[in-house]
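S.K.: First, the structure itself, so that you have it in front of you.
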Amino acid sequence: MPSFDFDRNCYIVRIVYDGPGMAGKTTNLEHVCNVIPARQRSELVTPAALKGRTMFFDWVELEGPNHEDALVRFQLISVPGQEARNYRRRPLVEAADVVVFVADASEEGINDTQRTFARLRVSMRRRERPLPLVVQANKQDIEGALTVPQLRQKLRLADDVPFVRATANQGKGVKPTLTLAMRLGVESIDTDEVQPLLPQLANADTLFDHVLAFEDEPDNGEPIEVEELNLNAEAEADELSPEMIAAHLSVSSLDALERKAQRAATKKGGTRASTG
Ligand SMILES: Nc1nc2c(ncn2[C@@H]2O[C@H](COP(=O)(O)OP(=O)(O)OP(=O)(O)O)[C@@H](O)[C@H]2O)c(=O)[nH]1
Ligand SMILES: [Mg+2]
């Protein structure tokens, strides 16, 4: 939910750019900084980047419109997409008011995109309130890149989730993506509760300390639900209609149920044998 910063008398809407490694998240923020005048934004802060990969996050704050006598400021944060940095990614996603999912829509990137989206979906389900989402189908310049309808199907997203085509390294689609995310953020000020700004999320400095607190427990093993893992099976079944995919999914869960029942029966039999 959006926050209110009483020190600066402004609303804060946090827009988190999530997505797999090398999808173009940092490129989006860099382009935003190129097109928005310096007086309307902060510097782009990137604590420790290694060979072009985001290690912790990128952060920039933009001045937005007035909303009921107070300014809205947007904090744009991009996560580290590498799977090994998932423990740093998670607290950032949890702090989001709006998520921009930057999908690598190229054939090469689509598996990582699906896997990362499955993780995001788990985080979204854990929240009490729905998290507004914009999906950017990036790398449209690469031959064979998935179209928006193809990507929508791969990620199993309904028609009401907004998608934007983009080639972020040429600046294409970056601003429309941001505009949509900002609009969703401002709407959530009206429809959601607004909480006082948490000190640990106030600025890039405190956010860095917040993320560093997770270094002691680098647990990347976030559970992904069985249904989500079936995404890859589904990926092979490209030409299937939604009905066939639904049938396929229920068959896979039936198979899984059957195996589970068999395991339980064997275990039970074993116990009986040892006690009887
Ligand atoms: N061909 C192509 N390359 C792109 C596009 N967008 C970004 N790139 C390139 O992809 C590479 C990775 O981009 P980044 O923005 O650093 O990716 P990231 O998502 O921040 O990656 P991590 O920090 O590792 O999570 C860079 O070389 C970009 O120039 C695009 O639309 N098309
Ligand atoms: Mg990056």
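Residue names in the structure tokens use chain letters A, B, ... in the order shown, residue numbers from 1 in each chain, and ligand numbers from 1 in the order shown.
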6 Å from ligand 1 is the threshold here; counting only C-alpha atoms and all ligand atoms, which polymer residues fall inside it? Answer as number ranges by chain.
M.R.: A: 20-27, 52-54, 80-82, 138-142, 167-169
S.K.: Please, which residues of range 98-231 of chain A, numbered as in this document, come out alpha helix (DSSP H) from DSSP, as JSON, numbers by chain?
M.R.: {"A": [110, 111, 112, 113, 114, 115, 116, 117, 118, 119, 120, 121, 122, 123, 124, 125, 126, 148, 149, 150, 151, 152, 153, 154, 174, 175, 176, 177, 178, 179, 180, 181, 182, 183, 184, 185, 186, 187, 188, 189, 190, 191, 204, 205, 206, 207, 208, 209, 210, 211, 212, 226, 227, 228, 229, 231]}
S.K.: Mind the document's chain letters and residue numbers, and return as a list in words the residues of range 38-76 of chain A that DSSP labels strand (DSSP E).
M.R.: Ala49, Leu50, Arg53, Thr54, Asp58, Trp59, Val60, Glu61, Leu62, Glu63, Gly64, Pro65, Asn66, His67, Ala70, Leu71, Val72, Arg73, Phe74, Gln75 and Leu76 of chain A
S.K.: Please produce an output containing N, CA and C atoms for each residue in the selection, written as a PDB file, in the first residue's frame.
M.R.:
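Done, and the output landed in selection.pdb:
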```pdb
ATOM      1  N   ALA A  49      27.421  -2.555  -8.320  1.00  0.00           N
ATOM      2  CA  ALA A  49      27.033  -3.361  -9.484  1.00  0.00           C
ATOM      3  C   ALA A  49      28.291  -4.112  -9.934  1.00  0.00           C
ATOM      4  N   LEU A  50      28.131  -5.294 -10.454  1.00  0.00           N
ATOM      5  CA  LEU A  50      29.290  -6.083 -10.842  1.00  0.00           C
ATOM      6  C   LEU A  50      29.133  -6.472 -12.306  1.00  0.00           C
ATOM      7  N   ARG A  53      25.803  -6.256 -13.827  1.00  0.00           N
ATOM      8  CA  ARG A  53      24.672  -6.930 -13.169  1.00  0.00           C
ATOM      9  C   ARG A  53      24.338  -6.186 -11.883  1.00  0.00           C
ATOM     10  N   THR A  54      23.049  -6.034 -11.639  1.00  0.00           N
ATOM     11  CA  THR A  54      22.616  -5.396 -10.391  1.00  0.00           C
ATOM     12  C   THR A  54      22.845  -6.376  -9.247  1.00  0.00           C
ATOM     13  N   ASP A  58      18.665  -0.944  -8.097  1.00  0.00           N
ATOM     14  CA  ASP A  58      18.842   0.420  -8.600  1.00  0.00           C
ATOM     15  C   ASP A  58      17.659   1.205  -8.043  1.00  0.00           C
ATOM     16  N   TRP A  59      17.881   2.467  -7.764  1.00  0.00           N
ATOM     17  CA  TRP A  59      16.846   3.270  -7.088  1.00  0.00           C
ATOM     18  C   TRP A  59      16.853   4.685  -7.633  1.00  0.00           C
ATOM     19  N   VAL A  60      15.684   5.196  -7.953  1.00  0.00           N
ATOM     20  CA  VAL A  60      15.569   6.609  -8.328  1.00  0.00           C
ATOM     21  C   VAL A  60      14.197   7.113  -7.891  1.00  0.00           C
ATOM     22  N   GLU A  61      14.152   8.373  -7.446  1.00  0.00           N
ATOM     23  CA  GLU A  61      12.872   8.942  -7.017  1.00  0.00           C
ATOM     24  C   GLU A  61      12.450  10.045  -7.992  1.00  0.00           C
ATOM     25  N   LEU A  62      11.195   9.975  -8.428  1.00  0.00           N
ATOM     26  CA  LEU A  62      10.674  10.962  -9.377  1.00  0.00           C
ATOM     27  C   LEU A  62       9.587  11.796  -8.718  1.00  0.00           C
ATOM     28  N   GLU A  63       9.534  13.050  -9.113  1.00  0.00           N
ATOM     29  CA  GLU A  63       8.453  13.915  -8.641  1.00  0.00           C
ATOM     30  C   GLU A  63       7.230  13.680  -9.507  1.00  0.00           C
ATOM     31  N   GLY A  64       6.111  13.405  -8.862  1.00  0.00           N
ATOM     32  CA  GLY A  64       4.894  13.171  -9.625  1.00  0.00           C
ATOM     33  C   GLY A  64       3.944  14.349  -9.514  1.00  0.00           C
ATOM     34  N   PRO A  65       2.655  14.095  -9.743  1.00  0.00           N
ATOM     35  CA  PRO A  65       1.668  15.175  -9.700  1.00  0.00           C
ATOM     36  C   PRO A  65       1.236  15.477  -8.263  1.00  0.00           C
ATOM     37  N   ASN A  66       0.456  16.529  -8.109  1.00  0.00           N
ATOM     38  CA  ASN A  66      -0.159  16.790  -6.812  1.00  0.00           C
ATOM     39  C   ASN A  66      -1.380  15.914  -6.649  1.00  0.00           C
ATOM     40  N   HIS A  67      -1.605  15.495  -5.424  1.00  0.00           N
ATOM     41  CA  HIS A  67      -2.790  14.705  -5.144  1.00  0.00           C
ATOM     42  C   HIS A  67      -3.349  15.207  -3.818  1.00  0.00           C
ATOM     43  N   ALA A  70      -1.009  17.358  -1.664  1.00  0.00           N
ATOM     44  CA  ALA A  70       0.328  16.811  -1.363  1.00  0.00           C
ATOM     45  C   ALA A  70       0.918  16.236  -2.649  1.00  0.00           C
ATOM     46  N   LEU A  71       2.220  16.347  -2.748  1.00  0.00           N
ATOM     47  CA  LEU A  71       2.902  15.835  -3.940  1.00  0.00           C
ATOM     48  C   LEU A  71       2.971  14.302  -3.869  1.00  0.00           C
ATOM     49  N   VAL A  72       2.935  13.664  -5.024  1.00  0.00           N
ATOM     50  CA  VAL A  72       3.191  12.220  -5.053  1.00  0.00           C
ATOM     51  C   VAL A  72       4.621  12.040  -5.557  1.00  0.00           C
ATOM     52  N   ARG A  73       5.411  11.257  -4.850  1.00  0.00           N
ATOM     53  CA  ARG A  73       6.749  10.900  -5.352  1.00  0.00           C
ATOM     54  C   ARG A  73       6.769   9.411  -5.638  1.00  0.00           C
ATOM     55  N   PHE A  74       7.383   9.080  -6.751  1.00  0.00           N
ATOM     56  CA  PHE A  74       7.476   7.668  -7.146  1.00  0.00           C
ATOM     57  C   PHE A  74       8.899   7.197  -6.923  1.00  0.00           C
ATOM     58  N   GLN A  75       9.034   6.118  -6.169  1.00  0.00           N
ATOM     59  CA  GLN A  75      10.363   5.502  -6.029  1.00  0.00           C
ATOM     60  C   GLN A  75      10.419   4.312  -6.964  1.00  0.00           C
ATOM     61  N   LEU A  76      11.320   4.379  -7.919  1.00  0.00           N
ATOM     62  CA  LEU A  76      11.484   3.279  -8.885  1.00  0.00           C
ATOM     63  C   LEU A  76      12.664   2.424  -8.425  1.00  0.00           C
TER      64      LEU A  76
END
```
S.K.: Which residue gives the smallest distance to Leu198 in chain A among A:Lys175, A:Glu43, A:Gln114, A:His210, with only C-alpha atoms counted?
M.R.: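 With only C-alpha atoms as the atom set, the closest residue is A:His210.
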S.K.: Do a neighbour search on Val211 in chain A at 10 Å with only C-alpha atoms, toss out local chain neighbours closer than 5 positions, and write the hits as a ChimeraX atom specification.
M.R.: /A:56-57,87-92,200-201,206
S.K.: Between A:Val148, A:Val79, A:Ile110, A:Val174, which has the minimum distance to ligand 2 (counting only C-alpha atoms and all ligand atoms)?
M.R.: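 Selected residue with least distance to ligand 2: A:Val79.
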S.K.: Could you jot down the CA of Phe214 in chain A to CA of Glu30 in chain A separation for me, Å, one decimal place?
M.R.: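 Computed distance, CA of Phe214 in chain A to CA of Glu30 in chain A, equals 26.3 Å.
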S.K.: Using only C-alpha atoms, determine which residues lie at most 12 Å from Asp112 in chain A, disregarding the query and same-chain residues fewer than 3 positions distant; provide the list as a list in words.
M.R.: Gly19, Pro20, Gly21, Met22, Ala23, Gly81, Gln82, Glu83, Val102, Ala103, Asp104, Ala105, Ser106, Glu107, Glu108, Gly109, Arg115, Thr116, Phe117, Ala118, Arg119, Lys154, Leu155, Leu231, Asn232 and Ala235 of chain A
S.K.: My list of candidates is A:Asp209, A:Asp18, A:Glu68, A:Asp216. Which is closest to ligand 2 when distances are computed with only C-alpha atoms and all ligand atoms?
M.R.: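 Under the stated criterion, the closest residue is A:Asp18.
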S.K.: Can you pull out every residue within 8 Å of Val16 in chain A, counting only C-alpha atoms, but drop anything in the same chain fewer than 6 positions away, and send it as a VMD selection string?
M.R.: chain A and resid 76 to 79 92 to 93 96 to 100
S.K.: Record the distance separating CA of Ala95 in chain A and CA of Arg165 in chain A, expressed in Å with one decimal.
M.R.: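 That distance, rounded to one decimal, is 25.6 Å.
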S.K.: CA of Ala48 in chain A and CA of Val32 in chain A, how far apart in Å?
M.R.: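 For CA of Val32 in chain A relative to CA of Ala48 in chain A, the distance reads 20.2 Å.
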S.K.: Write out as number ranges by chain which residues come within 9 Å of Leu197 in chain A when counting only C-alpha atoms, dropping same-chain ones fewer than 3 positions away.
M.R.: A: 2-6, 11-12, 194, 200-202
